Amino acid sequence: MSSSKGPGEKYGEPKVNVDPSMRSDEDVTEGSIADVTAGSQALHRSLRGPEVQLFAIGGAIGTSLYVQMGSALPKGGPAGLLIAFLIWGGVMWAVNECFAEMVTYAPVPSPFIRFGSEWVDGALGFAMAWNFFLNMAILVPFELVALNIMIHFWTDKIPVEAIIVAMILLYAFLNVVTVRYFGISEFYLSIGKVVLMVGLFFFTFITMVGGNPLHDAYGFRYWNKPGAFIEYNAAGDTGRFLGVLSCVYQASFSITGPEYISMVAAETENPRKILPPAFKSFAWRILVFFVGSALCIGIVIPSDSPTLLAILSGEISGSGTGAASPYVIAMQRLKISGLPHIVNALILTSIFSAGNALLYAATRTLHGMSLEGHAPRIFSRCTKRGVPVWALLFSLSFCLLAFLQSSSSSAAVLGYLVVLITCCQMLNYGFTALAYRHFYLNLQKQGISRDTLPYKGRFQPYTSYVAMGGPLFMIFAGGYDVFLKGNWSVMWFFLDYSMIGFFIVAFVGWKLIFRTSYVQPGTADLSLGGLKDEIDKYEETFVPRERGRVFGKIVGKVFE
């Protein structure tokens with residue numbers, strides 16, 4: 001088999017050194033396996049089903065659903081927004097099927113990045129690794145910008161720079177001091193996000209049937225006036241199509257999830273049992289949270305809302321900017337006192353949590369890249385507490401992008417970051433689907449039946465074609481507006497397509513320097529150097545931990 005690895009990369013050799021002092025009979029009762037490595041390469045398999053489900057839900061629910069989604073409403077209208085999320089929801093379901101089959105087969109650290117290296121080409125794994133890190137790292141200043149918007153709902157007397165510096169210091173403190181409590185804190189914060197989202201759905205229904213101080217049963221009024229569809233960048237049917245396309249682009253930024261499940265695959269206990277339900281439930285998460293939110297936003301405010309349009313154009317600055325959330329705009333229009341402040345505070349908490357989690361993910365991704373030789377070795381150095389401090393500092397440096405608010409409106413900066421993040425996500429999804437095609441072909445050529453897999457992706461290999469084609473289309477179509485007459489902008493062209501250039505340079509550079517080879521289908525090591533066999537042995541002797549008497553059992557029934 002031709003090698004696809006760069007220097008220092010030995011994925012096939014597990015780097016686990018188990019301290020004998022850590023082994024005891026208690027390991028078995030706590031759900032660990034004595035004397036059996038778990039294929040997780042020194043990471044601890046301790047996450048249960050509810051925690052994995054809530055990580056996936058909490059990672060997907062953030063600024064986009066509360067704030068950013070409203071920016072697409074004036075472009076496509078309520079019907080255009082709903083249709084766009086239904087269309088892209090289908091594409092993301094296809095992406096999920098690719099992730100699910102591979103990750104449940106080999107639930108190893110940084111799985112989809114490793115699959116690219118092991119089953120396609122080492123250069124692809126390097127490019128995917130840096131692309132994913134940048135995706136996570138750039139999302140942190142995005143959350144900081146959104147957090148600043150929500151704070152300005154109450155006051156505009158706090159300087160933007162002060163908020164950013166305070167948040168950077170707080171994020172640094174939390175990631176250094178309270179790492180051991182990170183999992184449990186995010187668990188409960190994710191529950192809070194779900195409760196808030198469900199509460200906003202109830203708010204939509206109750207107020208639309210007249211349950212508001214104005215006794216205004218507005219129903220689907222805004223679907224009639226100003227209309228279900230909006231003509232955007234052109235007149236007639238062409239304009240309505242471009243409006244829907246712009247909403248699809250927003251959906252491609254908003255709908256996420258499979259990567260969050262995959263990120264914790266190596267830290268999930270009994271992964272072949274816990275991960276499949278988490279991936280299977282992604283379909284209802286798309287329908288309930290993303291499509292449901294698109295429907296609600298199109299109901300509660302009109303697409304020509306003066307407040308929303310003023311925020312998006314940057315005309316409004318100072319107090320009231322926090323009304324960037326369509327739900328808060330609706331509450332203020334309906335003269336509902338108190339509730340906008342409560343919802344704004346809850347959204348702010350959710351945004352802060354998302355930023356903290358993304359910084360954690362970026363730091364751990366960079367640390368793992370360093371261990372595999374994809375990043376400088378300095379990023380693998382840890383403190384006595386086990387914190388990769390240099391990786392943390394480098395990840396924190398991306399927060400400086402939030403200072404762009406000092407010279408531009410917050411809405412404009414959000415737009416800049418959305419474009420960069422969306423391109424990273426599309427590259428990640430598209431090339432993960434490409435890795436799946438190689439996985440599928442290797443299964444065929446090596447005589448392994450897909451019926452024996454922990455998760456058998458539906459309608460494959462056709463689903464993988466959608467998973468590759470959808471992101472590829474959006475990568476190039478997302479910046480269509482710069483090519484329209486009179487719309488050319490060097491800045492927006494750079495924002496729309498610079499990440500594509502970075503990916504190509506990373507791939508070609510690594511390939512030329514380290515002479516990596518393409519892994520021919522049928523020759524790939526599907527066991528990843530024995531890691532899959534380790535996981536098999538671990539699961540054969542796995543003894544599940546006892547649940548809590550009441551709360552643990554309830555949560556387990558709901559989320560498993």
# chains A, B, ... in the order shown; residues from 1 in each chain; ligands from 1

$ select_by_dssp --residues "stretch 141-380 of chain A" --states "alpha helix (DSSP H)" --output "PyMOL selection string"
chain A and resi 141-151+160-177+182-208+221-222+236-254+258-263+271-280+282-285+292-300+306-313+326-333+339-371

$ closest_atom_pairs --of "stretch 358-403 of chain A" --to "stretch 133-143 of chain A" --cutoff "7 Å" --atoms "only C-alpha atoms" --output "Markdown table"
| residue | atom | partner | partner_atom | distance |
| --- | --- | --- | --- | --- |
| A:Leu358 | CA | A:Met136 | CA | 5.8 |
| A:Leu359 | CA | A:Val140 | CA | 6.2 |
| A:Ala361 | CA | A:Met136 | CA | 6.7 |
| A:Ala362 | CA | A:Met136 | CA | 5.2 |
| A:Thr365 | CA | A:Phe133 | CA | 6.1 |
| A:Leu366 | CA | A:Phe133 | CA | 6.5 |
| A:Ser395 | CA | A:Ala137 | CA | 5.9 |
| A:Phe398 | CA | A:Ala137 | CA | 6.2 |
| A:Cys399 | CA | A:Pro141 | CA | 4.6 |
| A:Leu401 | CA | A:Pro141 | CA | 6.1 |
| A:Ala402 | CA | A:Pro141 | CA | 5.0 |

$ closest_residue --among "A:Pro521, A:Pro277, A:Ser325, A:Ile378" --to "A:Leu348" --atoms "only C-alpha atoms"
A:Ser325

$ atom_distance --atom1 "atom CA of A:Val466" --atom2 "atom CA of A:Tyr518"
23.5 Å

$ residues_around --residues "stretch 425-429 of chain A" --least-positions-apart "4" --cutoff "10 Å" --atoms "only C-alpha atoms" --output "VMD selection string"
chain A and resid 92 95 to 96 98 to 99 112 to 113 127 to 129 131 to 132 134 to 136 252 to 253 256 258 to 259 420 to 421 433 to 435 467 to 468 470 to 475 499 to 500 503

$ write_last_selection --atoms "N, CA, C and O atoms" --output "CSV table (one decimal), in the first residue's frame"
chain,number,residue,atom,x,y,z
A,92,MET,N,-27.9,18.4,4.1
A,92,MET,CA,-27.2,18.1,5.3
A,92,MET,C,-27.6,16.7,5.8
A,92,MET,O,-26.8,16.1,6.5
A,95,VAL,N,-25.2,14.6,4.0
A,95,VAL,CA,-23.8,14.7,4.6
A,95,VAL,C,-23.8,13.9,5.9
A,95,VAL,O,-22.8,13.2,6.2
A,96,ASN,N,-24.8,14.0,6.7
A,96,ASN,CA,-24.9,13.2,8.0
A,96,ASN,C,-24.8,11.7,7.8
A,96,ASN,O,-24.1,11.0,8.5
A,98,CYS,N,-23.1,10.2,5.5
A,98,CYS,CA,-21.7,9.9,5.2
A,98,CYS,C,-20.9,9.9,6.5
A,98,CYS,O,-20.1,9.0,6.8
A,99,PHE,N,-21.1,10.9,7.3
A,99,PHE,CA,-20.4,11.0,8.6
A,99,PHE,C,-20.7,9.8,9.4
A,99,PHE,O,-19.8,9.1,10.0
A,112,PHE,N,-13.1,12.4,10.9
A,112,PHE,CA,-13.2,12.7,9.4
A,112,PHE,C,-12.0,13.3,8.8
A,112,PHE,O,-11.7,13.1,7.7
A,113,ILE,N,-11.1,13.9,9.7
A,113,ILE,CA,-9.8,14.4,9.2
A,113,ILE,C,-8.9,13.3,9.0
A,113,ILE,O,-8.2,13.2,8.0
A,127,ALA,N,-4.9,19.5,4.7
A,127,ALA,CA,-5.7,20.6,4.3
A,127,ALA,C,-7.0,20.6,5.0
A,127,ALA,O,-7.5,21.7,5.5
A,128,MET,N,-7.6,19.4,5.2
A,128,MET,CA,-8.9,19.3,6.0
A,128,MET,C,-8.7,19.7,7.4
A,128,MET,O,-9.5,20.4,8.0
A,129,ALA,N,-7.5,19.3,8.0
A,129,ALA,CA,-7.3,19.6,9.4
A,129,ALA,C,-7.2,21.2,9.6
A,129,ALA,O,-7.8,21.7,10.6
A,131,ASN,N,-8.3,23.5,7.6
A,131,ASN,CA,-9.6,24.1,7.3
A,131,ASN,C,-10.6,24.0,8.5
A,131,ASN,O,-11.3,25.0,8.8
A,132,PHE,N,-10.6,22.8,9.1
A,132,PHE,CA,-11.6,22.6,10.2
A,132,PHE,C,-11.1,23.5,11.4
A,132,PHE,O,-12.0,24.1,12.1
A,134,LEU,N,-9.6,26.4,11.3
A,134,LEU,CA,-10.0,27.8,11.0
A,134,LEU,C,-11.5,28.0,11.1
A,134,LEU,O,-12.0,29.0,11.6
A,135,ASN,N,-12.2,26.9,10.7
A,135,ASN,CA,-13.7,27.0,10.9
A,135,ASN,C,-14.1,27.2,12.3
A,135,ASN,O,-14.9,28.1,12.7
A,136,MET,N,-13.5,26.4,13.3
A,136,MET,CA,-13.8,26.6,14.7
A,136,MET,C,-13.3,27.9,15.2
A,136,MET,O,-13.9,28.6,16.0
A,252,SER,N,-26.9,27.1,4.6
A,252,SER,CA,-25.6,26.4,4.6
A,252,SER,C,-24.7,26.8,5.7
A,252,SER,O,-23.8,26.0,6.1
A,253,PHE,N,-24.9,28.0,6.2
A,253,PHE,CA,-24.1,28.5,7.4
A,253,PHE,C,-24.8,28.0,8.6
A,253,PHE,O,-24.1,27.5,9.6
A,256,THR,N,-25.8,22.8,11.0
A,256,THR,CA,-24.6,22.1,11.4
A,256,THR,C,-25.0,20.9,12.3
A,256,THR,O,-26.1,20.8,12.7
A,258,PRO,N,-23.3,17.2,12.3
A,258,PRO,CA,-22.6,15.9,12.2
A,258,PRO,C,-21.1,16.0,12.7
A,258,PRO,O,-20.6,15.1,13.4
A,259,GLU,N,-20.5,17.2,12.5
A,259,GLU,CA,-19.1,17.3,12.9
A,259,GLU,C,-19.0,17.4,14.4
A,259,GLU,O,-18.0,17.0,15.0
A,420,LEU,N,-16.7,33.7,5.5
A,420,LEU,CA,-15.5,32.8,5.7
A,420,LEU,C,-15.8,31.5,6.3
A,420,LEU,O,-15.3,30.4,5.9
A,421,ILE,N,-16.7,31.5,7.3
A,421,ILE,CA,-17.1,30.3,8.0
A,421,ILE,C,-17.8,29.4,7.1
A,421,ILE,O,-17.6,28.1,7.1
A,433,ALA,N,-17.4,13.8,2.4
A,433,ALA,CA,-18.2,13.0,1.5
A,433,ALA,C,-17.3,12.3,0.5
A,433,ALA,O,-17.5,11.1,0.2
A,434,LEU,N,-16.3,13.0,0.1
A,434,LEU,CA,-15.3,12.3,-0.8
A,434,LEU,C,-14.6,11.2,-0.1
A,434,LEU,O,-14.4,10.1,-0.7
A,435,ALA,N,-14.2,11.4,1.1
A,435,ALA,CA,-13.6,10.3,1.9
A,435,ALA,C,-14.5,9.2,2.0
A,435,ALA,O,-14.1,8.0,2.0
A,467,ALA,N,-24.2,14.8,-1.1
A,467,ALA,CA,-23.3,15.3,0.0
A,467,ALA,C,-22.1,16.0,-0.6
A,467,ALA,O,-21.5,16.9,0.0
A,468,MET,N,-21.6,15.6,-1.8
A,468,MET,CA,-20.5,16.2,-2.4
A,468,MET,C,-21.0,17.4,-3.3
A,468,MET,O,-20.4,18.4,-3.3
A,470,GLY,N,-23.9,19.2,-3.3
A,470,GLY,CA,-24.5,20.4,-2.6
A,470,GLY,C,-23.4,21.4,-2.1
A,470,GLY,O,-23.5,22.6,-2.5
A,471,PRO,N,-22.5,21.0,-1.3
A,471,PRO,CA,-21.4,21.9,-0.8
A,471,PRO,C,-20.6,22.5,-2.0
A,471,PRO,O,-20.3,23.7,-2.0
A,472,LEU,N,-20.3,21.7,-3.0
A,472,LEU,CA,-19.5,22.2,-4.1
A,472,LEU,C,-20.3,23.3,-4.8
A,472,LEU,O,-19.7,24.3,-5.2
A,473,PHE,N,-21.6,23.1,-5.0
A,473,PHE,CA,-22.4,24.1,-5.7
A,473,PHE,C,-22.4,25.4,-4.8
A,473,PHE,O,-22.2,26.5,-5.4
A,474,MET,N,-22.6,25.3,-3.5
A,474,MET,CA,-22.7,26.5,-2.7
A,474,MET,C,-21.3,27.2,-2.5
A,474,MET,O,-21.3,28.4,-2.4
A,475,ILE,N,-20.2,26.5,-2.6
A,475,ILE,CA,-18.9,27.1,-2.6
A,475,ILE,C,-18.8,28.1,-3.7
A,475,ILE,O,-18.3,29.3,-3.5
A,499,MET,N,-10.9,31.1,1.1
A,499,MET,CA,-10.7,29.9,1.8
A,499,MET,C,-10.4,28.7,0.8
A,499,MET,O,-9.8,27.7,1.1
A,500,ILE,N,-11.0,28.8,-0.4
A,500,ILE,CA,-10.8,27.8,-1.4
A,500,ILE,C,-9.3,27.9,-1.8
A,500,ILE,O,-8.6,26.8,-2.0
A,503,PHE,N,-7.2,26.3,0.9
A,503,PHE,CA,-7.3,24.9,0.9
A,503,PHE,C,-6.4,24.3,-0.2
A,503,PHE,O,-5.7,23.3,0.0

$ closest_residue --among "A:Leu339, A:Thr383, A:Thr155, A:Ala228" --to "A:Val244" --atoms "only C-alpha atoms"
A:Ala228

$ atom_distance --atom1 "atom CA of A:Leu170" --atom2 "atom CA of A:Gly70"
28.6 Å

$ residues_around --residues "A:Tyr105" --least-positions-apart "3" --cutoff "7 Å" --atoms "only C-alpha atoms" --output "list in words"
Glu101, Met102, Leu453 and Pro454 of chain A

$ residues_around --residues "A:Tyr66" --least-positions-apart "3" --cutoff "8 Å" --atoms "only C-alpha atoms" --output "PyMOL selection string"
chain A and resi 62-63+69+325-327+347

$ atom_distance --atom1 "atom CA of A:Leu73" --atom2 "atom CA of A:Arg333"
17.3 Å

$ closest_residue --among "A:Thr363, A:Leu65, A:Pro78, A:Leu334" --to "A:Asp216" --atoms "only C-alpha atoms"
A:Leu334

$ closest_residue --among "A:Leu393, A:Ala412, A:Met150, A:Ile87" --to "A:Trp492" --atoms "only C-alpha atoms"
A:Ala412

$ closest_residue --among "A:Lys75, A:Lys273, A:Arg515, A:His438" --to "A:Gly243" --atoms "only C-alpha atoms"
A:Lys75

$ residues_around --residues "A:Gly522" --least-positions-apart "6" --cutoff "10 Å" --atoms "only C-alpha atoms" --output "PyMOL selection string"
chain A and resi 1+119+438-447

$ residues_around --residues "A:Ala217" --least-positions-apart "6" --cutoff "12 Å" --atoms "only C-alpha atoms" --output "short mmCIF file (atom, residue, chain, number, x, y, z; two decimals) with all heavy atoms, in the first residue's frame"
data_model
loop_
_atom_site.label_atom_id
_atom_site.label_comp_id
_atom_site.auth_asym_id
_atom_site.auth_seq_id
_atom_site.Cartn_x
_atom_site.Cartn_y
_atom_site.Cartn_z
N THR A 204 -44.17 32.00 19.40
CA THR A 204 -44.67 32.25 18.04
C THR A 204 -46.12 31.82 17.91
O THR A 204 -46.97 32.57 17.40
CB THR A 204 -43.81 31.49 17.01
OG1 THR A 204 -42.45 31.93 17.12
CG2 THR A 204 -44.31 31.74 15.60
N PHE A 205 -46.41 30.60 18.36
CA PHE A 205 -47.77 30.08 18.20
C PHE A 205 -48.78 30.88 19.02
O PHE A 205 -49.85 31.26 18.53
CB PHE A 205 -47.82 28.61 18.60
CG PHE A 205 -49.22 28.03 18.56
CD1 PHE A 205 -49.81 27.73 17.34
CD2 PHE A 205 -49.93 27.81 19.74
CE1 PHE A 205 -51.11 27.21 17.30
CE2 PHE A 205 -51.21 27.30 19.69
CZ PHE A 205 -51.80 26.99 18.47
N ILE A 206 -48.45 31.15 20.28
CA ILE A 206 -49.40 31.83 21.17
C ILE A 206 -49.70 33.25 20.67
O ILE A 206 -50.85 33.68 20.64
CB ILE A 206 -48.85 31.87 22.60
CG1 ILE A 206 -48.82 30.44 23.18
CG2 ILE A 206 -49.70 32.78 23.49
CD1 ILE A 206 -48.10 30.35 24.52
N THR A 207 -48.65 33.98 20.26
CA THR A 207 -48.87 35.36 19.83
C THR A 207 -49.56 35.43 18.47
O THR A 207 -50.35 36.35 18.23
CB THR A 207 -47.54 36.14 19.78
OG1 THR A 207 -46.63 35.48 18.88
CG2 THR A 207 -46.92 36.23 21.16
N MET A 208 -49.30 34.48 17.57
CA MET A 208 -49.89 34.55 16.24
C MET A 208 -51.39 34.29 16.26
O MET A 208 -52.11 34.70 15.35
CB MET A 208 -49.20 33.58 15.27
CG MET A 208 -49.48 32.12 15.52
SD MET A 208 -48.58 31.01 14.41
CE MET A 208 -49.38 31.33 12.84
N VAL A 209 -51.88 33.63 17.33
CA VAL A 209 -53.33 33.39 17.44
C VAL A 209 -54.01 34.42 18.33
O VAL A 209 -55.18 34.28 18.67
CB VAL A 209 -53.61 31.96 17.96
CG1 VAL A 209 -53.09 30.92 16.98
CG2 VAL A 209 -53.01 31.75 19.35
N GLY A 210 -53.26 35.46 18.73
CA GLY A 210 -53.86 36.56 19.47
C GLY A 210 -53.46 36.66 20.92
O GLY A 210 -53.93 37.57 21.63
N GLY A 211 -52.61 35.77 21.40
CA GLY A 211 -52.20 35.80 22.79
C GLY A 211 -51.09 36.80 23.03
O GLY A 211 -49.95 36.41 23.32
N ILE A 299 -42.93 34.17 10.39
CA ILE A 299 -44.27 34.47 10.93
C ILE A 299 -44.26 35.70 11.82
O ILE A 299 -45.14 36.55 11.73
CB ILE A 299 -44.80 33.24 11.72
CG1 ILE A 299 -45.11 32.08 10.79
CG2 ILE A 299 -46.06 33.62 12.52
CD1 ILE A 299 -45.50 30.80 11.49
N VAL A 300 -43.24 35.82 12.70
CA VAL A 300 -43.30 36.85 13.75
C VAL A 300 -42.94 38.25 13.27
O VAL A 300 -43.37 39.24 13.88
CB VAL A 300 -42.39 36.47 14.94
CG1 VAL A 300 -42.87 35.18 15.58
CG2 VAL A 300 -40.93 36.35 14.52
N LEU A 334 -45.08 43.91 19.70
CA LEU A 334 -46.32 43.50 20.36
C LEU A 334 -46.47 44.11 21.76
O LEU A 334 -47.41 43.77 22.48
CB LEU A 334 -46.37 41.97 20.45
CG LEU A 334 -46.46 41.24 19.11
CD1 LEU A 334 -46.27 39.74 19.30
CD2 LEU A 334 -47.80 41.51 18.42
#
